[in-house]
file coords_10.cif (mmCIF, C-alpha atoms and all ligand atoms)
data_target
#
loop_
_atom_site.label_atom_id
_atom_site.label_comp_id
_atom_site.auth_asym_id
_atom_site.auth_seq_id
_atom_site.Cartn_x
_atom_site.Cartn_y
_atom_site.Cartn_z
CA MET A 131 -33.24 -65.56 -15.05
CA GLU A 132 -31.21 -68.42 -13.60
CA ALA A 133 -28.71 -65.85 -12.35
CA TYR A 134 -31.50 -63.92 -10.70
CA GLU A 135 -32.71 -67.11 -9.02
CA HIS A 136 -29.23 -67.69 -7.59
CA PHE A 137 -28.40 -64.23 -6.32
CA GLU A 138 -31.55 -62.07 -6.49
CA LEU A 139 -29.28 -59.12 -7.21
CA LEU A 140 -30.38 -56.10 -9.19
CA ILE A 141 -28.22 -53.03 -9.65
CA ASN A 142 -29.22 -50.07 -11.78
CA ASP A 143 -32.35 -52.09 -12.69
CA ARG A 144 -30.25 -54.83 -14.25
CA ILE A 145 -29.72 -58.42 -13.20
CA VAL A 146 -26.24 -59.03 -11.79
CA LYS A 147 -25.26 -62.45 -13.09
CA THR A 148 -22.65 -63.11 -10.40
CA PRO A 149 -21.68 -61.11 -7.27
CA VAL A 150 -18.09 -60.73 -8.52
CA ALA A 151 -16.99 -57.29 -9.70
CA ILE A 152 -13.88 -55.82 -11.28
CA ALA A 153 -12.60 -52.84 -9.27
CA SER A 154 -11.08 -49.91 -11.10
CA MET A 155 -7.38 -49.40 -11.76
CA ALA A 156 -6.56 -46.08 -13.41
CA GLY A 157 -4.84 -46.48 -16.73
CA ILE A 158 -5.62 -50.22 -16.79
CA VAL A 159 -9.33 -51.07 -16.38
CA ASP A 160 -11.20 -49.82 -19.44
CA ALA A 161 -13.95 -51.36 -21.59
CA ALA A 162 -11.50 -53.60 -23.48
CA TYR A 163 -10.14 -54.95 -20.17
CA VAL A 164 -13.67 -55.73 -18.99
CA LEU A 165 -14.76 -57.35 -22.26
CA GLU A 166 -11.90 -59.85 -21.97
CA ARG A 167 -13.27 -60.92 -18.58
CA ALA A 168 -16.99 -60.37 -19.20
CA ASP A 169 -18.03 -64.04 -18.87
CA HIS A 170 -16.92 -64.18 -15.24
CA VAL A 171 -18.10 -60.91 -13.67
CA GLY A 172 -21.45 -59.33 -12.91
CA VAL A 173 -20.33 -55.72 -12.48
CA ALA A 174 -17.24 -53.77 -13.55
CA PHE A 175 -16.02 -50.32 -12.60
CA ILE A 176 -13.86 -48.88 -15.35
CA GLY A 177 -11.50 -46.03 -14.57
CA GLY A 178 -10.70 -44.03 -12.57
CA TYR A 179 -11.44 -41.28 -15.01
CA SER A 180 -10.65 -37.67 -14.25
CA ILE A 181 -13.54 -35.49 -15.34
CA ASP A 182 -12.60 -31.81 -14.98
CA GLN A 183 -9.58 -29.57 -15.41
CA PRO A 184 -8.13 -29.84 -11.87
CA THR A 185 -8.34 -33.65 -11.85
CA LEU A 186 -7.14 -33.96 -15.47
CA ASP A 187 -4.12 -31.86 -14.49
CA ALA A 188 -3.61 -34.16 -11.49
CA SER A 189 -3.74 -37.23 -13.79
CA ARG A 190 -1.13 -35.68 -16.09
CA ALA A 191 1.13 -34.89 -13.13
CA MET A 192 0.76 -38.46 -11.83
CA ALA A 193 1.40 -39.95 -15.30
CA GLU A 194 4.58 -37.87 -15.53
CA GLU A 195 5.69 -39.39 -12.24
CA GLY A 196 5.25 -42.86 -13.75
CA ARG A 197 1.78 -43.91 -12.52
CA THR A 198 -0.63 -45.55 -14.92
CA GLU A 199 -3.42 -43.06 -15.74
CA PHE A 200 -6.01 -42.55 -18.46
CA VAL A 201 -5.11 -39.28 -20.15
CA TYR A 202 -7.36 -37.57 -22.76
CA ASP A 203 -8.63 -34.11 -23.52
CA ASP A 204 -12.40 -34.58 -23.47
CA PRO A 205 -13.74 -36.74 -20.60
CA VAL A 206 -17.32 -36.85 -21.91
CA GLU A 207 -16.20 -38.06 -25.32
CA GLU A 208 -13.90 -40.69 -23.78
CA LEU A 209 -16.54 -41.98 -21.35
CA VAL A 210 -19.28 -42.14 -23.98
CA ARG A 211 -16.92 -44.21 -26.15
CA GLN A 212 -16.00 -46.57 -23.30
CA VAL A 213 -19.58 -47.08 -22.15
CA GLU A 214 -20.73 -47.75 -25.72
CA LEU A 215 -18.14 -50.55 -25.95
CA MET A 216 -19.35 -52.08 -22.67
CA LYS A 217 -22.84 -52.51 -24.18
CA GLN A 218 -21.62 -55.64 -26.00
CA SER A 219 -21.60 -57.54 -22.69
CA THR A 220 -24.07 -58.45 -19.96
CA VAL A 221 -21.79 -56.91 -17.31
CA VAL A 222 -23.48 -54.11 -15.35
CA PRO A 223 -21.20 -51.16 -16.10
CA GLY A 224 -19.87 -48.67 -13.56
CA ILE A 225 -17.51 -45.72 -14.02
CA ASN A 226 -15.10 -44.68 -11.29
CA LEU A 227 -14.83 -40.89 -11.42
CA ARG A 228 -12.55 -38.22 -10.00
CA GLY A 229 -14.00 -34.72 -10.06
CA SER A 230 -13.15 -31.59 -8.10
CA ALA A 231 -16.78 -30.45 -7.66
CA PRO A 232 -20.33 -31.86 -7.93
CA ALA A 233 -20.92 -29.98 -11.22
CA ALA A 234 -18.27 -32.11 -12.93
CA TYR A 235 -20.12 -35.33 -12.00
CA LEU A 236 -23.40 -33.83 -13.14
CA GLN A 237 -21.96 -33.04 -16.54
CA ILE A 238 -21.06 -36.71 -17.01
CA ALA A 239 -24.49 -37.81 -15.75
CA GLU A 240 -26.16 -35.53 -18.30
CA ALA A 241 -24.23 -37.27 -21.07
CA LEU A 242 -24.56 -40.89 -19.91
CA LYS A 243 -27.89 -40.70 -18.11
CA ASP A 244 -28.84 -43.90 -16.27
CA SER A 245 -26.77 -46.24 -18.46
CA VAL A 246 -24.08 -46.73 -15.79
CA ILE A 247 -23.37 -46.77 -12.06
CA TYR A 248 -21.56 -43.55 -11.09
CA GLU A 249 -18.82 -44.38 -8.62
CA ILE A 250 -17.33 -41.45 -6.72
CA ASP A 251 -13.62 -42.09 -6.13
CA ALA A 252 -13.15 -41.19 -2.46
CA HIS A 253 -10.30 -43.71 -2.34
CA CYS A 254 -7.29 -42.28 -4.19
CA ARG A 255 -4.48 -41.23 -1.85
CA GLN A 256 -2.20 -39.63 -4.44
CA LYS A 257 -1.38 -36.06 -3.44
CA PRO A 258 -2.25 -34.41 -6.79
CA MET A 259 -5.77 -35.93 -6.60
CA ILE A 260 -6.23 -34.96 -2.97
CA ASP A 261 -5.09 -31.42 -3.81
CA ALA A 262 -7.65 -31.38 -6.63
CA GLY A 263 -10.43 -32.10 -4.10
CA CYS A 264 -11.21 -35.76 -4.72
CA GLY A 265 -10.07 -39.18 -3.53
CA GLU A 266 -9.31 -39.20 0.18
CA TYR A 267 -10.06 -35.48 0.33
CA LEU A 268 -13.74 -36.48 0.32
CA LEU A 269 -13.29 -38.72 3.38
CA LYS A 270 -11.83 -35.78 5.30
CA HIS A 271 -14.34 -33.25 3.90
CA THR A 272 -17.51 -35.27 4.09
CA GLY A 273 -19.71 -32.25 3.36
CA ALA A 274 -18.26 -32.23 -0.18
CA LEU A 275 -18.87 -35.99 -0.47
CA VAL A 276 -22.50 -35.65 0.60
CA GLU A 277 -22.99 -32.77 -1.85
CA THR A 278 -21.62 -34.89 -4.70
CA ILE A 279 -23.84 -37.86 -3.82
CA ARG A 280 -26.88 -35.60 -3.64
CA ALA A 281 -26.05 -33.90 -6.94
CA LEU A 282 -25.85 -37.26 -8.71
CA LYS A 283 -29.01 -38.53 -7.02
CA SER A 284 -30.83 -35.38 -8.16
CA ALA A 285 -30.03 -36.55 -11.72
CA GLY A 286 -31.82 -39.84 -10.94
CA VAL A 287 -28.80 -42.13 -11.40
CA THR A 288 -27.32 -45.03 -9.40
CA VAL A 289 -24.45 -43.97 -7.16
CA SER A 290 -21.60 -45.93 -5.60
CA VAL A 291 -18.95 -44.50 -3.29
CA LYS A 292 -15.51 -46.11 -3.22
CA ILE A 293 -13.77 -45.69 0.13
CA ARG A 294 -10.67 -46.94 1.84
CA ALA A 295 -11.32 -48.27 5.35
CA GLY A 296 -9.40 -46.70 8.21
CA VAL A 297 -9.06 -43.21 6.70
CA SER A 298 -12.18 -41.82 8.33
CA ALA A 299 -12.10 -41.59 12.13
CA ASP A 300 -15.27 -43.72 12.19
CA ASP A 301 -16.13 -45.90 9.21
CA ARG A 302 -19.50 -46.80 10.73
CA ARG A 303 -20.59 -43.18 10.84
CA LEU A 304 -19.19 -42.62 7.37
CA ALA A 305 -21.18 -45.58 5.97
CA ARG A 306 -24.29 -44.34 7.68
CA MET A 307 -23.79 -40.84 6.29
CA ILE A 308 -23.20 -42.12 2.75
CA TRP A 309 -26.39 -44.19 2.95
CA GLU A 310 -28.40 -41.31 4.36
CA ALA A 311 -27.13 -39.02 1.59
CA GLY A 312 -28.80 -41.43 -0.86
CA ALA A 313 -25.95 -43.53 -2.28
CA ASP A 314 -26.99 -46.95 -3.53
CA LEU A 315 -23.70 -48.81 -3.09
CA LEU A 316 -20.71 -48.60 -0.81
CA HIS A 317 -17.52 -50.11 -2.26
CA VAL A 318 -15.03 -50.65 0.55
CA ASP A 319 -11.32 -51.30 0.20
CA LEU A 320 -10.89 -53.06 3.54
CA MET A 321 -7.07 -52.79 3.48
CA ASP A 322 -5.84 -55.10 6.29
CA PHE A 323 -8.94 -54.70 8.47
CA GLY A 324 -10.69 -57.80 7.16
CA TYR A 325 -14.23 -58.95 7.74
CA GLN A 326 -14.48 -57.46 11.24
CA LYS A 327 -14.52 -53.99 9.67
CA LEU A 328 -17.02 -55.12 7.08
CA ARG A 329 -19.33 -56.40 9.82
CA GLN A 330 -19.18 -53.04 11.61
CA ILE A 331 -20.16 -51.29 8.39
CA ARG A 332 -22.95 -53.82 7.73
CA ASN A 333 -24.29 -53.23 11.21
CA ALA A 334 -24.30 -49.47 10.66
CA SER A 335 -26.33 -49.30 7.45
CA PRO A 336 -28.40 -51.42 5.07
CA ILE A 337 -26.65 -50.05 1.95
CA MET A 338 -25.56 -52.55 -0.71
CA LEU A 339 -21.92 -53.42 0.10
CA ILE A 340 -19.04 -54.39 -2.16
CA ALA A 341 -16.07 -55.79 -0.24
CA ASN A 342 -12.62 -55.29 -1.74
CA ASN A 343 -8.94 -56.02 -1.10
CA SER A 344 -7.16 -59.27 -1.77
CA ILE A 345 -10.37 -61.26 -2.21
CA THR A 346 -8.93 -63.79 -4.58
CA THR A 347 -10.14 -67.14 -3.21
CA PHE A 348 -13.54 -68.68 -2.52
CA ASP A 349 -12.78 -68.85 1.23
CA ARG A 350 -12.03 -65.13 1.39
CA ALA A 351 -15.12 -64.34 -0.64
CA MET A 352 -17.23 -66.42 1.78
CA ASP A 353 -15.71 -64.60 4.76
CA MET A 354 -16.96 -61.38 3.20
CA PHE A 355 -20.38 -62.69 2.22
CA SER A 356 -21.01 -64.17 5.67
CA HIS A 357 -20.18 -60.84 7.34
CA GLY A 358 -22.31 -58.56 5.21
CA ALA A 359 -21.00 -58.23 1.64
CA ASP A 360 -23.47 -58.29 -1.25
CA LEU A 361 -20.66 -58.45 -3.79
CA ILE A 362 -16.89 -58.81 -3.77
CA SER A 363 -14.53 -57.03 -6.14
CA VAL A 364 -11.06 -57.71 -7.46
CA ALA A 365 -8.53 -55.28 -8.94
CA ARG A 366 -4.89 -56.43 -9.01
CA LYS A 367 -5.68 -60.13 -9.44
CA SER A 368 -8.55 -59.60 -11.87
CA ASP A 369 -7.14 -62.07 -14.37
CA PRO A 370 -9.68 -64.31 -16.17
CA TRP A 371 -8.46 -67.41 -14.31
CA THR A 372 -9.02 -65.95 -10.82
CA LEU A 373 -12.34 -64.38 -11.76
CA SER A 374 -13.72 -67.53 -13.39
CA GLY A 375 -12.69 -69.61 -10.34
CA LEU A 376 -14.48 -67.23 -7.99
CA ASP A 377 -17.57 -67.04 -10.19
CA ALA A 378 -17.85 -70.83 -10.55
CA ALA A 379 -17.38 -71.60 -6.84
CA ILE A 380 -19.75 -68.85 -5.66
CA THR A 381 -22.43 -69.83 -8.19
CA ARG A 382 -22.18 -73.48 -7.14
CA TYR A 383 -22.51 -72.51 -3.49
CA ALA A 384 -25.52 -70.28 -4.21
CA ALA A 385 -27.28 -73.06 -6.14
CA GLU A 386 -26.71 -75.53 -3.30
CA SER A 387 -27.36 -73.32 -0.30
CA GLY A 388 -30.20 -70.99 -1.35
CA TRP A 389 -28.63 -67.88 0.20
CA TYR A 390 -25.11 -67.13 -1.01
CA ASN A 391 -24.41 -64.35 1.50
CA ALA A 392 -26.16 -65.77 4.55
CA PRO A 393 -24.59 -64.43 7.75
CA LYS A 394 -22.88 -66.59 10.31
CA GLN A 395 -25.02 -67.20 13.39
CA LEU A 396 -24.81 -64.30 15.85
CA CYS A 397 -22.95 -66.36 18.46
CA ARG A 398 -20.38 -67.27 15.80
CA GLY A 399 -19.67 -63.64 15.00
CA GLY A 400 -22.40 -62.93 12.44
CA ASP A 401 -23.75 -59.48 11.62
CA ILE A 402 -27.24 -58.35 12.58
CA ARG A 403 -28.90 -60.12 9.64
CA ALA A 404 -28.15 -63.22 11.76
CA LEU A 405 -31.14 -62.35 13.96
CA ALA A 406 -33.03 -64.39 11.36
CA PHE A 407 -31.33 -67.50 12.80
CA CYS A 408 -31.62 -66.57 16.47
CA CYS A 409 -33.58 -68.48 19.09
CA MET A 410 -36.22 -67.20 21.44
CA PRO A 411 -34.42 -64.95 23.95
CA VAL A 412 -34.17 -67.47 26.78
CA LYS A 413 -30.48 -67.81 27.50
CA ASP A 414 -27.36 -65.88 28.27
CA CYS A 415 -25.92 -65.30 24.81
CA PRO A 416 -25.09 -62.44 22.39
CA LEU A 417 -28.76 -61.99 21.42
CA MET A 418 -29.85 -59.65 24.24
CA PRO A 419 -26.79 -57.33 24.01
CA THR A 420 -27.33 -57.11 20.24
CA LEU A 421 -31.01 -56.26 20.64
CA LYS A 422 -29.99 -53.56 23.12
CA LYS A 423 -27.49 -52.09 20.64
CA ILE A 424 -30.07 -51.87 17.86
CA GLY A 425 -32.69 -50.47 20.23
CA MET A 426 -35.14 -53.38 19.96
CA SER A 427 -36.86 -54.76 23.04
CA ARG A 428 -37.21 -58.48 23.68
CA ASP A 429 -40.95 -58.29 23.06
CA GLU A 430 -40.54 -56.34 19.83
CA TYR A 431 -38.05 -58.95 18.60
CA ILE A 432 -40.45 -61.78 19.35
CA LYS A 433 -43.42 -59.97 17.78
CA LEU A 434 -41.38 -59.03 14.71
CA LYS A 435 -40.24 -62.58 13.98
CA VAL A 436 -43.68 -64.04 14.63
CA SER A 437 -45.28 -61.49 12.31
CA ILE A 438 -42.70 -62.12 9.57
CA VAL A 439 -43.38 -65.87 9.45
CA GLU A 440 -47.16 -65.49 9.58
CA ASN A 441 -48.75 -67.34 6.64
CA THR A 442 -45.39 -68.76 5.53
CA PRO A 443 -44.05 -72.32 5.89
CA LEU A 444 -41.75 -71.10 8.69
CA ALA A 445 -44.70 -70.41 11.00
CA GLY A 446 -45.07 -74.07 11.97
CA GLY A 447 -42.54 -76.39 13.55
CA GLU A 448 -44.02 -78.23 16.53
CA GLY A 449 -41.07 -80.59 16.76
CA THR A 450 -38.48 -77.81 16.99
CA CYS A 451 -36.96 -76.26 20.13
CA PHE A 452 -39.31 -73.27 20.21
CA GLY A 453 -42.34 -74.59 18.31
CA SER A 454 -41.71 -72.61 15.13
CA LEU A 455 -39.11 -72.55 12.38
CA ALA A 456 -38.98 -68.79 12.95
CA TRP A 457 -36.44 -69.51 15.71
CA CYS A 458 -34.46 -72.19 13.93
CA CYS A 459 -30.75 -72.21 13.13
CA LYS A 460 -28.84 -71.80 9.88
CA SER A 461 -28.89 -74.80 7.55
CA SER A 462 -25.17 -75.35 8.13
CA SER A 463 -25.94 -76.22 11.81
CA PRO A 464 -26.98 -79.86 11.63
CA CYS A 465 -30.34 -80.50 13.33
CA LEU A 466 -32.51 -83.58 13.06
CA PHE A 467 -35.60 -81.87 14.53
CA ARG A 468 -35.55 -78.99 12.06
CA ASN A 469 -34.80 -81.26 9.13
CA MET A 470 -37.60 -83.69 10.03
CA THR A 471 -40.01 -80.76 10.29
CA LEU A 472 -38.90 -79.45 6.90
CA GLN A 473 -39.32 -82.90 5.39
CA LYS A 474 -42.83 -83.15 6.82
CA ILE A 475 -43.92 -79.87 5.24
CA GLY A 476 -42.08 -80.59 1.97
CA LEU A 477 -39.63 -77.69 2.24
CA THR A 478 -36.02 -78.19 1.14
CA LEU A 479 -33.14 -76.75 3.17
CA HIS A 480 -32.44 -74.56 0.14
CA ASP A 481 -35.95 -73.06 0.27
CA TYR A 482 -35.78 -72.81 4.07
CA MET A 483 -32.75 -70.54 3.60
CA ARG A 484 -34.59 -68.45 1.03
CA TYR A 485 -37.35 -67.82 3.58
CA LYS A 486 -34.70 -66.92 6.17
CA HIS A 487 -33.24 -64.49 3.63
CA ARG A 488 -36.62 -62.75 3.32
CA MET A 489 -36.82 -62.65 7.10
CA ALA A 490 -33.37 -61.03 7.36
CA ASP A 491 -34.36 -58.39 4.78
CA LYS A 492 -37.45 -57.55 6.83
CA ILE A 493 -35.45 -57.40 10.05
CA MET A 494 -32.93 -55.02 8.41
CA ASN A 495 -35.78 -52.92 7.14
CA ARG A 496 -37.23 -52.67 10.62
CA VAL A 497 -33.85 -51.92 12.24
CA PHE A 498 -32.87 -49.15 9.83
CA HIS A 499 -36.18 -47.44 9.72
CA ALA A 500 -36.45 -47.25 13.50
CA ASP A 501 -33.34 -45.15 14.13
CA PRO A 502 -30.93 -47.78 15.48
CA ASP A 503 -27.97 -47.04 17.70
CA ASP A 504 -24.92 -46.13 15.57
CA ASP A 505 -22.70 -48.09 17.86
CA ALA A 506 -23.90 -51.58 16.94
CA SER A 507 -20.77 -53.52 16.01
C1 LIG B 601 -2.71 -49.56 -10.36
C2 LIG B 601 -3.93 -49.31 -9.54
C3 LIG B 601 -4.76 -48.26 -9.87
C4 LIG B 601 -5.91 -48.02 -9.09
N1 LIG B 601 -6.75 -47.00 -9.45
C5 LIG B 601 -7.90 -46.80 -8.76
C6 LIG B 601 -8.80 -45.77 -9.15
O1 LIG B 601 -8.59 -45.06 -10.11
N2 LIG B 601 -9.93 -45.60 -8.41
C7 LIG B 601 -10.21 -46.39 -7.33
O2 LIG B 601 -11.26 -46.21 -6.69
N3 LIG B 601 -9.37 -47.36 -6.94
C8 LIG B 601 -8.23 -47.59 -7.63
N4 LIG B 601 -7.38 -48.61 -7.25
C9 LIG B 601 -7.71 -49.44 -6.09
C10 LIG B 601 -8.33 -50.78 -6.47
O3 LIG B 601 -9.60 -50.61 -7.10
C11 LIG B 601 -8.52 -51.67 -5.23
O4 LIG B 601 -9.32 -50.99 -4.30
C12 LIG B 601 -7.20 -52.08 -4.55
O5 LIG B 601 -6.23 -52.44 -5.52
C13 LIG B 601 -7.40 -53.25 -3.59
O6 LIG B 601 -8.07 -54.32 -4.21
P1 LIG B 601 -7.28 -55.63 -4.80
O7 LIG B 601 -6.61 -56.27 -3.65
O8 LIG B 601 -8.35 -56.49 -5.41
O9 LIG B 601 -6.31 -55.12 -5.82
C14 LIG B 601 -6.21 -48.84 -7.98
C15 LIG B 601 -5.34 -49.89 -7.68
C16 LIG B 601 -4.21 -50.14 -8.42
C17 LIG B 601 -3.33 -51.29 -8.06
S1 LIG B 602 -30.15 -66.65 20.30
FE1 LIG B 602 -29.32 -68.65 19.71
S2 LIG B 602 -28.38 -68.31 17.71
FE2 LIG B 602 -28.72 -66.29 18.62
S3 LIG B 602 -26.84 -65.77 19.64
FE3 LIG B 602 -28.12 -66.77 21.16
S4 LIG B 602 -27.57 -68.94 21.09
FE4 LIG B 602 -26.77 -67.97 19.22
S1 LIG B 603 -34.79 -77.35 16.44
FE1 LIG B 603 -32.69 -77.44 15.74
S2 LIG B 603 -32.54 -75.80 14.24
FE2 LIG B 603 -34.37 -75.41 15.44
S3 LIG B 603 -33.68 -74.06 17.12
FE3 LIG B 603 -33.56 -76.19 17.87
S4 LIG B 603 -31.43 -76.75 17.45
FE4 LIG B 603 -31.85 -74.95 16.17
#

call {"tool": "encode", "arguments": {"input": "coords_10.cif", "output": "structure tokens", "more": "lines below"}}
Ligand SMILES: Cc1cc2nc3c(=O)[nH]c(=O)nc-3n(C[C@H](O)[C@H](O)[C@H](O)COP(=O)(O)O)c2cc1C
Ligand code: SF4
Ligand code: SF4
result
Amino acid sequence: MEAYEHFELLINDRIVKTPVAIASMAGIVDAAYVLERADHVGVAFIGGYSIDQPTLDASRAMAEEGRTEFVYDDPVEELVRQVELMKQSTVVPGINLRGSAPAAYLQIAEALKDSVIYEIDAHCRQKPMIDAGCGEYLLKHTGALVETIRALKSAGVTVSVKIRAGVSADDRRLARMIWEAGADLLHVDLMDFGYQKLRQIRNASPIMLIANNSITTFDRAMDMFSHGADLISVARKSDPWTLSGLDAAITRYAAESGWYNAPKQLCRGGDIRALAFCCMPVKDCPLMPTLKKIGMSRDEYIKLKVSIVENTPLAGGEGTCFGSLAWCCKSSSPCLFRNMTLQKIGLTLHDYMRYKHRMADKIMNRVFHADPDDDAS
């Protein structure tokens, strides 16, 4: 429960104890690998596992060329065995899968039901996998990707899609499409694009986001969290030492701050969740252009924030710039007026941030259920 208090993260109906995940590495990340690191991660994607004849043949061809691959005859038997082993830990299990058609994924979902997150590997760039119709193939043939997501969702399971940024002509549209097809998580290898790409994706859809690629320090993790990530994942450097360092520092920050993945303020480059920290629209600043991009009028914005704080401690705030804490800045911006107001009403900065978190969720809900402009960035 303490973990839930810190991160308020549920995936596949299970509490995620820390927003640090292990990302898959074929031939390396299996249940045994995860169990050795289980104390420091909240989620782990084992695999990639090939799950039908064309992808199993691709795995064999790649293994012959010297790549690490999991090779077996019966994918269902192997996955049932691996997932059974993962049950010893509190890590939320995911399986990274390579299949050549939706039916292959469905066969695995029939065997494992809702015990795992099903991650579609739309990431692999090895030619044998692409020729077999998975990995990057799915980023170029998005109809097949959507069909696979829908097939898995029809089985009532939790779906993640692993992508590599920069392969699709427009990652914002891709993210939007994956969310609209019903996927629950988007796991993004950001390559060298960094948090700017993550922010674009965050601004294009409300899907739960896992940021990946070289996120091995607390500072890098915070860059991702403050631009839209819900979790970060590590593959190559997923040694126990790195993972435990990340877990400890992120957990400490969450306990102190009250909102571990709070965005930067909009004028400091934050994503649209940062509207929760924005002022009344009275000056020349990034607020109005952002509202225009998401298709929200000035009046709607004001009404929305006023209605969100109604009957909450954020409604008041006579001593603040705009007469209500609804318009007040992030806790990391020092402000005597806000802090005196909070003291007067007996609200800690930590709890202030939790209320701002609720506000951001409601703003995102409003933005993405009112057909926003795809081009927000
Ligand atoms: C040896 C190896 C095997 C990988 N296999 C897979 C895979 O099967 N499926 C997948 O989605 N990503 C795979 N990846 C990509 C990683 O999950 C991750 O996206 C990438 O290594 C960047 O993250 P990192 O900087 O934390 O390593 C693999 C990476 C490596 C190094
Ligand atoms: S409204 Fe305030 S917080 Fe938002 S962008 Fe403008 S100056 Fe920054
Ligand atoms: S009172 Fe302080 S925190 Fe609130 S809007 Fe003004 S400067 Fe920001």

call {"tool": "atom_distance", "arguments": {"input": "coords_10.cif", "atom1": "CA of Asn391 (chain A)", "atom2": "CA of Met352 (chain A)"}}
result
7.5 Å

call {"tool": "closest_atom_pairs", "arguments": {"input": "coords_10.cif", "of": "chain A", "to": "ligand LIG 601 (chain B)", "cutoff": "7 Å", "atoms": "all atoms listed in the file", "output": "Markdown table"}}
result
| residue | atom | partner | partner_atom | distance |
| --- | --- | --- | --- | --- |
| A:Ala153 | CA | B:LIG601 | O3 | 4.3 |
| A:Ser154 | CA | B:LIG601 | O3 | 4.3 |
| A:Met155 | CA | B:LIG601 | C4 | 3.3 |
| A:Ala156 | CA | B:LIG601 | O1 | 4.0 |
| A:Gly177 | CA | B:LIG601 | O1 | 5.4 |
| A:Gly178 | CA | B:LIG601 | O1 | 3.4 |
| A:Tyr179 | CA | B:LIG601 | O1 | 6.8 |
| A:Thr198 | CA | B:LIG601 | C1 | 6.4 |
| A:Asn226 | CA | B:LIG601 | N2 | 6.0 |
| A:Asp251 | CA | B:LIG601 | O2 | 4.8 |
| A:Ala252 | CA | B:LIG601 | O2 | 6.8 |
| A:His253 | CA | B:LIG601 | O2 | 5.1 |
| A:Cys254 | CA | B:LIG601 | C7 | 5.9 |
| A:Lys292 | CA | B:LIG601 | O2 | 5.5 |
| A:Asp319 | CA | B:LIG601 | O4 | 4.9 |
| A:Asn342 | CA | B:LIG601 | O6 | 5.3 |
| A:Asn343 | CA | B:LIG601 | O7 | 3.5 |
| A:Ser344 | CA | B:LIG601 | O7 | 3.6 |
| A:Ile345 | CA | B:LIG601 | O8 | 6.1 |
| A:Ser363 | CA | B:LIG601 | O8 | 6.2 |
| A:Val364 | CA | B:LIG601 | O8 | 3.6 |
| A:Ala365 | CA | B:LIG601 | O8 | 3.7 |
| A:Arg366 | CA | B:LIG601 | O9 | 3.7 |
| A:Lys367 | CA | B:LIG601 | O8 | 6.1 |

call {"tool": "residues_near_ligand", "arguments": {"input": "coords_10.cif", "ligand": "ligand LIG 602 (chain B)", "cutoff": "12 Å", "atoms": "all atoms listed in the file", "output": "number ranges by chain"}}
result
A: 393-421, 428, 431-432, 451-452, 456-460, 463

call {"tool": "closest_residue", "arguments": {"input": "coords_10.cif", "among": "A:Ile141, A:Leu466, A:Met489, A:Ile225", "to": "ligand LIG 603 (chain B)", "atoms": "all atoms listed in the file"}}
result
A:Leu466

call {"tool": "closest_residue", "arguments": {"input": "coords_10.cif", "among": "A:Tyr267, A:Tyr134, A:Tyr482, A:Phe175", "to": "Ile152 (chain A)", "atoms": "all atoms listed in the file"}}
result
A:Phe175

call {"tool": "residues_around", "arguments": {"input": "coords_10.cif", "residues": "Asp481 (chain A)", "least_positions_apart": "5", "cutoff": "12 Å", "atoms": "only C-alpha atoms", "output": "list of chain:residue names"}}
result
A:Glu135, A:His136, A:Ala384, A:Ala385, A:Glu386, A:Ser387, A:Gly388, A:Trp389, A:Thr442, A:Pro443, A:Leu444, A:Ser461, A:Leu472, A:Gln473, A:Ile475, A:Gly476, A:Lys486, A:His487, A:Arg488

call {"tool": "residues_around", "arguments": {"input": "coords_10.cif", "residues": "Ile340 (chain A)", "least_positions_apart": "2", "cutoff": "10 Å", "atoms": "all atoms listed in the file", "output": "ChimeraX atom specification"}}
result
/A:149-151,153,290-292,315-319,328,337-338,342,354-355,358-363

call {"tool": "build_atoms", "arguments": {"input": "coords_10.cif", "residues": "region 433-440 of chain A", "atoms": "N, CA and C atoms", "output": "PDB file, in the frame of the given file"}}
result
ATOM      1  N   LYS A 433     -42.259 -60.333  18.627  1.00  0.00           N
ATOM      2  CA  LYS A 433     -43.420 -59.970  17.780  1.00  0.00           C
ATOM      3  C   LYS A 433     -43.000 -59.864  16.314  1.00  0.00           C
ATOM      4  N   LEU A 434     -41.841 -59.229  16.087  1.00  0.00           N
ATOM      5  CA  LEU A 434     -41.380 -59.030  14.710  1.00  0.00           C
ATOM      6  C   LEU A 434     -41.191 -60.368  14.003  1.00  0.00           C
ATOM      7  N   LYS A 435     -40.505 -61.307  14.657  1.00  0.00           N
ATOM      8  CA  LYS A 435     -40.240 -62.580  13.980  1.00  0.00           C
ATOM      9  C   LYS A 435     -41.528 -63.374  13.791  1.00  0.00           C
ATOM     10  N   VAL A 436     -42.399 -63.317  14.776  1.00  0.00           N
ATOM     11  CA  VAL A 436     -43.680 -64.040  14.630  1.00  0.00           C
ATOM     12  C   VAL A 436     -44.477 -63.440  13.474  1.00  0.00           C
ATOM     13  N   SER A 437     -44.484 -62.110  13.383  1.00  0.00           N
ATOM     14  CA  SER A 437     -45.280 -61.490  12.310  1.00  0.00           C
ATOM     15  C   SER A 437     -44.658 -61.776  10.935  1.00  0.00           C
ATOM     16  N   ILE A 438     -43.338 -61.858  10.872  1.00  0.00           N
ATOM     17  CA  ILE A 438     -42.700 -62.120   9.570  1.00  0.00           C
ATOM     18  C   ILE A 438     -43.048 -63.517   9.034  1.00  0.00           C
ATOM     19  N   VAL A 439     -43.129 -64.497   9.952  1.00  0.00           N
ATOM     20  CA  VAL A 439     -43.380 -65.870   9.450  1.00  0.00           C
ATOM     21  C   VAL A 439     -44.866 -66.181   9.264  1.00  0.00           C
ATOM     22  N   GLU A 440     -45.716 -65.246   9.708  1.00  0.00           N
ATOM     23  CA  GLU A 440     -47.160 -65.490   9.580  1.00  0.00           C
ATOM     24  C   GLU A 440     -47.508 -65.862   8.139  1.00  0.00           C
TER      25      GLU A 440
END
